[in-house]
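Visitor: CSV, C-alpha atoms, file my_file33.csv:
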```csv
chain,number,residue,atom,x,y,z
M,1,MET,CA,-98.6,66.5,-133.9
M,2,SER,CA,-100.5,69.7,-134.6
M,3,THR,CA,-102.3,72.2,-132.3
M,4,ALA,CA,-104.7,74.9,-133.4
M,5,THR,CA,-106.7,77.3,-131.3
M,6,TYR,CA,-110.2,78.7,-132.2
M,7,THR,CA,-112.7,81.0,-130.6
M,8,VAL,CA,-116.3,79.8,-130.3
M,9,THR,CA,-119.1,82.1,-129.4
M,10,GLY,CA,-122.4,81.3,-127.7
M,11,MET,CA,-121.2,78.9,-125.1
M,12,THR,CA,-122.6,79.6,-121.6
M,13,CYS,CA,-122.3,76.4,-119.5
M,14,GLY,CA,-120.7,73.0,-119.0
M,15,HIS,CA,-123.2,71.4,-121.4
M,16,CYS,CA,-122.1,73.8,-124.1
M,17,VAL,CA,-118.5,72.7,-123.5
M,18,SER,CA,-119.4,69.0,-123.7
M,19,SER,CA,-121.4,69.5,-126.9
M,20,VAL,CA,-118.5,71.3,-128.7
M,21,THR,CA,-115.9,68.8,-127.3
M,22,GLU,CA,-118.0,65.8,-128.5
M,23,GLU,CA,-118.5,67.2,-132.0
M,24,VAL,CA,-114.9,68.3,-132.5
M,25,GLU,CA,-113.5,64.9,-131.2
M,26,GLN,CA,-115.3,63.2,-134.0
M,27,ILE,CA,-113.1,64.8,-136.7
M,28,ALA,CA,-110.7,62.3,-138.1
M,29,GLY,CA,-107.2,62.7,-136.6
M,30,VAL,CA,-108.2,64.8,-133.6
M,31,THR,CA,-106.4,63.5,-130.5
M,32,GLY,CA,-107.5,66.1,-127.9
M,33,VAL,CA,-109.9,69.0,-127.4
M,34,ASP,CA,-109.6,71.6,-124.6
M,35,VAL,CA,-112.4,74.1,-124.1
M,36,ASP,CA,-112.0,77.2,-121.9
M,37,LEU,CA,-115.6,78.4,-121.3
M,38,PRO,CA,-114.9,81.9,-120.0
M,39,THR,CA,-112.8,82.9,-123.1
M,40,GLY,CA,-114.5,80.6,-125.6
M,41,ARG,CA,-111.1,79.3,-126.6
M,42,VAL,CA,-111.0,75.8,-128.1
M,43,THR,CA,-107.6,74.2,-128.5
M,44,VAL,CA,-107.6,71.2,-130.8
M,45,THR,CA,-104.7,68.7,-130.9
M,46,SER,CA,-104.5,66.4,-133.9
M,47,ASP,CA,-102.1,64.1,-135.8
M,48,ALA,CA,-101.8,66.6,-138.7
M,49,PRO,CA,-103.1,70.1,-139.4
M,50,LEU,CA,-106.9,70.2,-139.7
M,51,ASP,CA,-109.0,71.9,-142.3
M,52,ASP,CA,-110.6,74.8,-140.5
M,53,ALA,CA,-113.9,74.1,-142.4
M,54,LEU,CA,-114.1,70.7,-140.6
M,55,VAL,CA,-113.8,72.4,-137.2
M,56,LYS,CA,-116.3,75.1,-138.2
M,57,ASP,CA,-118.8,72.4,-139.3
M,58,ALA,CA,-118.4,70.5,-136.0
M,59,VAL,CA,-118.8,73.6,-133.9
M,60,GLU,CA,-122.0,74.6,-135.9
M,61,GLU,CA,-123.3,71.0,-135.5
M,62,ALA,CA,-123.0,71.5,-131.8
M,63,GLY,CA,-125.1,74.7,-132.1
M,64,TYR,CA,-122.4,77.4,-131.8
M,65,GLU,CA,-120.4,79.7,-134.0
M,66,LEU,CA,-116.7,79.8,-134.8
M,67,LYS,CA,-115.5,83.3,-134.6
M,68,SER,CA,-113.4,84.3,-137.6
```
Could you spell out this file's structure in structure tokens?

Guide:
Amino acid sequence: MSTATYTVTGMTCGHCVSSVTEEVEQIAGVTGVDVDLPTGRVTVTSDAPLDDALVKDAVEEAGYELKS
């Protein structure tokens, strides 16, 4: 089990949270996604450590930006 935390910019509402959650959940091995809208913090739980590029791509697919 692995947990990683990211910061996503541009989210302003519940729909934003849903979009990011749905895209990140599609990454192979992801077992959970928790998004905190006020801080932009996204905590991803997975079977094994994830490639940050996969998370970045998923966040961008949802229409937002992963803060580096």

Visitor: Looking at M:Thr31, M:Ser18, M:Ser46, M:Thr39, which one is nearest to Val59 (chain M), with distances taken over all atoms listed in the file?

Guide: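 Using all atoms listed in the file, the shortest distance to Val59 (chain M) belongs to M:Ser18.
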
Visitor: Name the residues in contact with Gly40 (chain M) at a cut-off of 10 Å, using only C-alpha atoms, excluding same-chain residues fewer than 6 positions from it; report them as a ChimeraX atom specification.

Guide: /M:6-12,17,66-67

Visitor: Can you work out which one of M:Ala48, M:Ala28, M:Val20, M:Leu37 has the shortest atom-to-atom distance to Glu60 (chain M), counting all atoms listed in the file?

Guide: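 So, comparing all the options, the nearest one is M:Val20.
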
Visitor: If you measure from CA of Tyr64 (chain M) to CA of Val35 (chain M), what distance in Å do you get, rounded to one decimal?

Guide: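 Separating CA of Tyr64 (chain M) from CA of Val35 (chain M) is a distance of 13.0 Å.
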
Visitor: How far is it from CA of Thr3 (chain M) to CA of Thr45 (chain M), in Å with one decimal?

Guide: 4.5 Å

Visitor: Rank M:Glu25, M:Val30, M:Ser19, M:Gly63 by their smallest atom-to-atom distance to Leu50 (chain M), using all atoms listed in the file, and report the top residue only.

Guide: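 Checking each of M:Glu25, M:Val30, M:Ser19, M:Gly63 against Leu50 (chain M), counting all atoms listed in the file, the winner is M:Val30.
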
Visitor: For the atom pair CA of Val24 (chain M) and CA of Lys56 (chain M), what is the interatomic distance in Å to one decimal place?

Guide: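 So the answer is 9.0 Å.
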
Visitor: Would you mind telling me which residue in M:Ser68, M:Glu22, M:Cys16, M:Gly29 lies nearest to Asp47 (chain M) when using only C-alpha atoms?

Guide: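 Of all the options, M:Gly29 lies closest to Asp47 (chain M).
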
Visitor: Restricting the calculation to only C-alpha atoms: of M:Ala58, M:Ile27, M:Cys13, M:Ala4, which residue gets closest to Arg41 (chain M)?

Guide: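 Among the listed residues, the smallest separation from Arg41 (chain M) belongs to M:Ala4.
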
Visitor: With distances taken over all atoms listed in the file, which residue among M:Val55, M:Thr43, M:Glu23, M:Val33 lies nearest Thr5 (chain M)?

Guide: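 Closest candidate: M:Thr43.
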
Visitor: Because some atoms of region 30-66 of chain M are absent here, can you restore N, CA and C atoms and send them as a PDB file, keeping the file's coordinate frame?

Guide:
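New file part_26.pdb:
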```pdb
ATOM      1  N   VAL M  30    -108.232  63.957-134.798  1.00  0.00           N
ATOM      2  CA  VAL M  30    -108.200  64.800-133.600  1.00  0.00           C
ATOM      3  C   VAL M  30    -107.835  63.844-132.395  1.00  0.00           C
ATOM      4  N   THR M  31    -106.854  64.302-131.610  1.00  0.00           N
ATOM      5  CA  THR M  31    -106.400  63.500-130.500  1.00  0.00           C
ATOM      6  C   THR M  31    -106.751  64.159-129.131  1.00  0.00           C
ATOM      7  N   GLY M  32    -107.154  65.440-129.160  1.00  0.00           N
ATOM      8  CA  GLY M  32    -107.500  66.100-127.900  1.00  0.00           C
ATOM      9  C   GLY M  32    -108.259  67.405-128.178  1.00  0.00           C
ATOM     10  N   VAL M  33    -109.176  67.749-127.271  1.00  0.00           N
ATOM     11  CA  VAL M  33    -109.900  69.000-127.400  1.00  0.00           C
ATOM     12  C   VAL M  33    -109.968  69.608-125.966  1.00  0.00           C
ATOM     13  N   ASP M  34    -109.547  70.865-125.844  1.00  0.00           N
ATOM     14  CA  ASP M  34    -109.600  71.600-124.600  1.00  0.00           C
ATOM     15  C   ASP M  34    -110.405  72.838-124.757  1.00  0.00           C
ATOM     16  N   VAL M  35    -111.489  72.974-124.007  1.00  0.00           N
ATOM     17  CA  VAL M  35    -112.400  74.100-124.100  1.00  0.00           C
ATOM     18  C   VAL M  35    -112.287  74.976-122.873  1.00  0.00           C
ATOM     19  N   ASP M  36    -112.023  76.273-123.045  1.00  0.00           N
ATOM     20  CA  ASP M  36    -112.000  77.200-121.900  1.00  0.00           C
ATOM     21  C   ASP M  36    -113.299  78.047-122.024  1.00  0.00           C
ATOM     22  N   LEU M  37    -114.264  77.739-121.178  1.00  0.00           N
ATOM     23  CA  LEU M  37    -115.600  78.400-121.300  1.00  0.00           C
ATOM     24  C   LEU M  37    -115.536  79.896-121.126  1.00  0.00           C
ATOM     25  N   PRO M  38    -114.829  80.469-120.140  1.00  0.00           N
ATOM     26  CA  PRO M  38    -114.900  81.900-120.000  1.00  0.00           C
ATOM     27  C   PRO M  38    -114.383  82.703-121.221  1.00  0.00           C
ATOM     28  N   THR M  39    -113.386  82.170-121.923  1.00  0.00           N
ATOM     29  CA  THR M  39    -112.800  82.900-123.100  1.00  0.00           C
ATOM     30  C   THR M  39    -113.416  82.382-124.408  1.00  0.00           C
ATOM     31  N   GLY M  40    -114.027  81.193-124.394  1.00  0.00           N
ATOM     32  CA  GLY M  40    -114.500  80.600-125.600  1.00  0.00           C
ATOM     33  C   GLY M  40    -113.412  79.956-126.445  1.00  0.00           C
ATOM     34  N   ARG M  41    -112.222  79.892-125.880  1.00  0.00           N
ATOM     35  CA  ARG M  41    -111.100  79.300-126.600  1.00  0.00           C
ATOM     36  C   ARG M  41    -111.139  77.818-126.644  1.00  0.00           C
ATOM     37  N   VAL M  42    -110.995  77.283-127.850  1.00  0.00           N
ATOM     38  CA  VAL M  42    -111.000  75.800-128.100  1.00  0.00           C
ATOM     39  C   VAL M  42    -109.653  75.463-128.675  1.00  0.00           C
ATOM     40  N   THR M  43    -108.894  74.646-127.959  1.00  0.00           N
ATOM     41  CA  THR M  43    -107.600  74.200-128.500  1.00  0.00           C
ATOM     42  C   THR M  43    -107.752  72.749-128.921  1.00  0.00           C
ATOM     43  N   VAL M  44    -107.402  72.512-130.179  1.00  0.00           N
ATOM     44  CA  VAL M  44    -107.600  71.200-130.800  1.00  0.00           C
ATOM     45  C   VAL M  44    -106.186  70.627-131.116  1.00  0.00           C
ATOM     46  N   THR M  45    -105.908  69.427-130.606  1.00  0.00           N
ATOM     47  CA  THR M  45    -104.700  68.700-130.900  1.00  0.00           C
ATOM     48  C   THR M  45    -105.004  67.603-131.881  1.00  0.00           C
ATOM     49  N   SER M  46    -104.172  67.453-132.912  1.00  0.00           N
ATOM     50  CA  SER M  46    -104.500  66.400-133.900  1.00  0.00           C
ATOM     51  C   SER M  46    -103.152  65.862-134.478  1.00  0.00           C
ATOM     52  N   ASP M  47    -103.299  64.747-135.184  1.00  0.00           N
ATOM     53  CA  ASP M  47    -102.100  64.100-135.800  1.00  0.00           C
ATOM     54  C   ASP M  47    -101.500  64.944-136.866  1.00  0.00           C
ATOM     55  N   ALA M  48    -102.310  65.697-137.584  1.00  0.00           N
ATOM     56  CA  ALA M  48    -101.800  66.600-138.700  1.00  0.00           C
ATOM     57  C   ALA M  48    -102.711  67.817-138.669  1.00  0.00           C
ATOM     58  N   PRO M  49    -102.259  68.882-139.341  1.00  0.00           N
ATOM     59  CA  PRO M  49    -103.100  70.100-139.400  1.00  0.00           C
ATOM     60  C   PRO M  49    -104.488  69.797-139.924  1.00  0.00           C
ATOM     61  N   LEU M  50    -105.477  70.428-139.305  1.00  0.00           N
ATOM     62  CA  LEU M  50    -106.900  70.200-139.700  1.00  0.00           C
ATOM     63  C   LEU M  50    -107.361  71.279-140.656  1.00  0.00           C
ATOM     64  N   ASP M  51    -108.319  70.908-141.458  1.00  0.00           N
ATOM     65  CA  ASP M  51    -109.000  71.900-142.300  1.00  0.00           C
ATOM     66  C   ASP M  51    -109.950  72.658-141.403  1.00  0.00           C
ATOM     67  N   ASP M  52    -109.788  73.974-141.369  1.00  0.00           N
ATOM     68  CA  ASP M  52    -110.600  74.800-140.500  1.00  0.00           C
ATOM     69  C   ASP M  52    -112.109  74.633-140.792  1.00  0.00           C
ATOM     70  N   ALA M  53    -112.455  74.301-142.027  1.00  0.00           N
ATOM     71  CA  ALA M  53    -113.900  74.100-142.400  1.00  0.00           C
ATOM     72  C   ALA M  53    -114.457  72.918-141.623  1.00  0.00           C
ATOM     73  N   LEU M  54    -113.655  71.892-141.376  1.00  0.00           N
ATOM     74  CA  LEU M  54    -114.100  70.700-140.600  1.00  0.00           C
ATOM     75  C   LEU M  54    -114.452  71.133-139.174  1.00  0.00           C
ATOM     76  N   VAL M  55    -113.582  71.955-138.600  1.00  0.00           N
ATOM     77  CA  VAL M  55    -113.800  72.400-137.200  1.00  0.00           C
ATOM     78  C   VAL M  55    -115.021  73.316-137.176  1.00  0.00           C
ATOM     79  N   LYS M  56    -115.151  74.204-138.142  1.00  0.00           N
ATOM     80  CA  LYS M  56    -116.300  75.100-138.200  1.00  0.00           C
ATOM     81  C   LYS M  56    -117.606  74.291-138.294  1.00  0.00           C
ATOM     82  N   ASP M  57    -117.623  73.277-139.149  1.00  0.00           N
ATOM     83  CA  ASP M  57    -118.800  72.400-139.300  1.00  0.00           C
ATOM     84  C   ASP M  57    -119.154  71.725-137.990  1.00  0.00           C
ATOM     85  N   ALA M  58    -118.134  71.216-137.295  1.00  0.00           N
ATOM     86  CA  ALA M  58    -118.400  70.500-136.000  1.00  0.00           C
ATOM     87  C   ALA M  58    -118.928  71.445-134.977  1.00  0.00           C
ATOM     88  N   VAL M  59    -118.368  72.647-134.899  1.00  0.00           N
ATOM     89  CA  VAL M  59    -118.800  73.600-133.900  1.00  0.00           C
ATOM     90  C   VAL M  59    -120.295  74.027-134.230  1.00  0.00           C
ATOM     91  N   GLU M  60    -120.595  74.224-135.499  1.00  0.00           N
ATOM     92  CA  GLU M  60    -122.000  74.600-135.900  1.00  0.00           C
ATOM     93  C   GLU M  60    -122.930  73.424-135.626  1.00  0.00           C
ATOM     94  N   GLU M  61    -122.480  72.196-135.817  1.00  0.00           N
ATOM     95  CA  GLU M  61    -123.300  71.000-135.500  1.00  0.00           C
ATOM     96  C   GLU M  61    -123.676  70.978-134.040  1.00  0.00           C
ATOM     97  N   ALA M  62    -122.744  71.456-133.200  1.00  0.00           N
ATOM     98  CA  ALA M  62    -123.000  71.500-131.800  1.00  0.00           C
ATOM     99  C   ALA M  62    -123.934  72.654-131.397  1.00  0.00           C
ATOM    100  N   GLY M  63    -124.163  73.574-132.340  1.00  0.00           N
ATOM    101  CA  GLY M  63    -125.100  74.700-132.100  1.00  0.00           C
ATOM    102  C   GLY M  63    -124.424  76.000-131.775  1.00  0.00           C
ATOM    103  N   TYR M  64    -123.137  76.131-132.099  1.00  0.00           N
ATOM    104  CA  TYR M  64    -122.400  77.400-131.800  1.00  0.00           C
ATOM    105  C   TYR M  64    -121.711  77.893-133.015  1.00  0.00           C
ATOM    106  N   GLU M  65    -121.012  78.998-132.855  1.00  0.00           N
ATOM    107  CA  GLU M  65    -120.400  79.700-134.000  1.00  0.00           C
ATOM    108  C   GLU M  65    -118.922  79.834-133.797  1.00  0.00           C
ATOM    109  N   LEU M  66    -118.160  79.556-134.840  1.00  0.00           N
ATOM    110  CA  LEU M  66    -116.700  79.800-134.800  1.00  0.00           C
ATOM    111  C   LEU M  66    -116.460  81.204-135.200  1.00  0.00           C
TER     112      LEU M  66
END
```
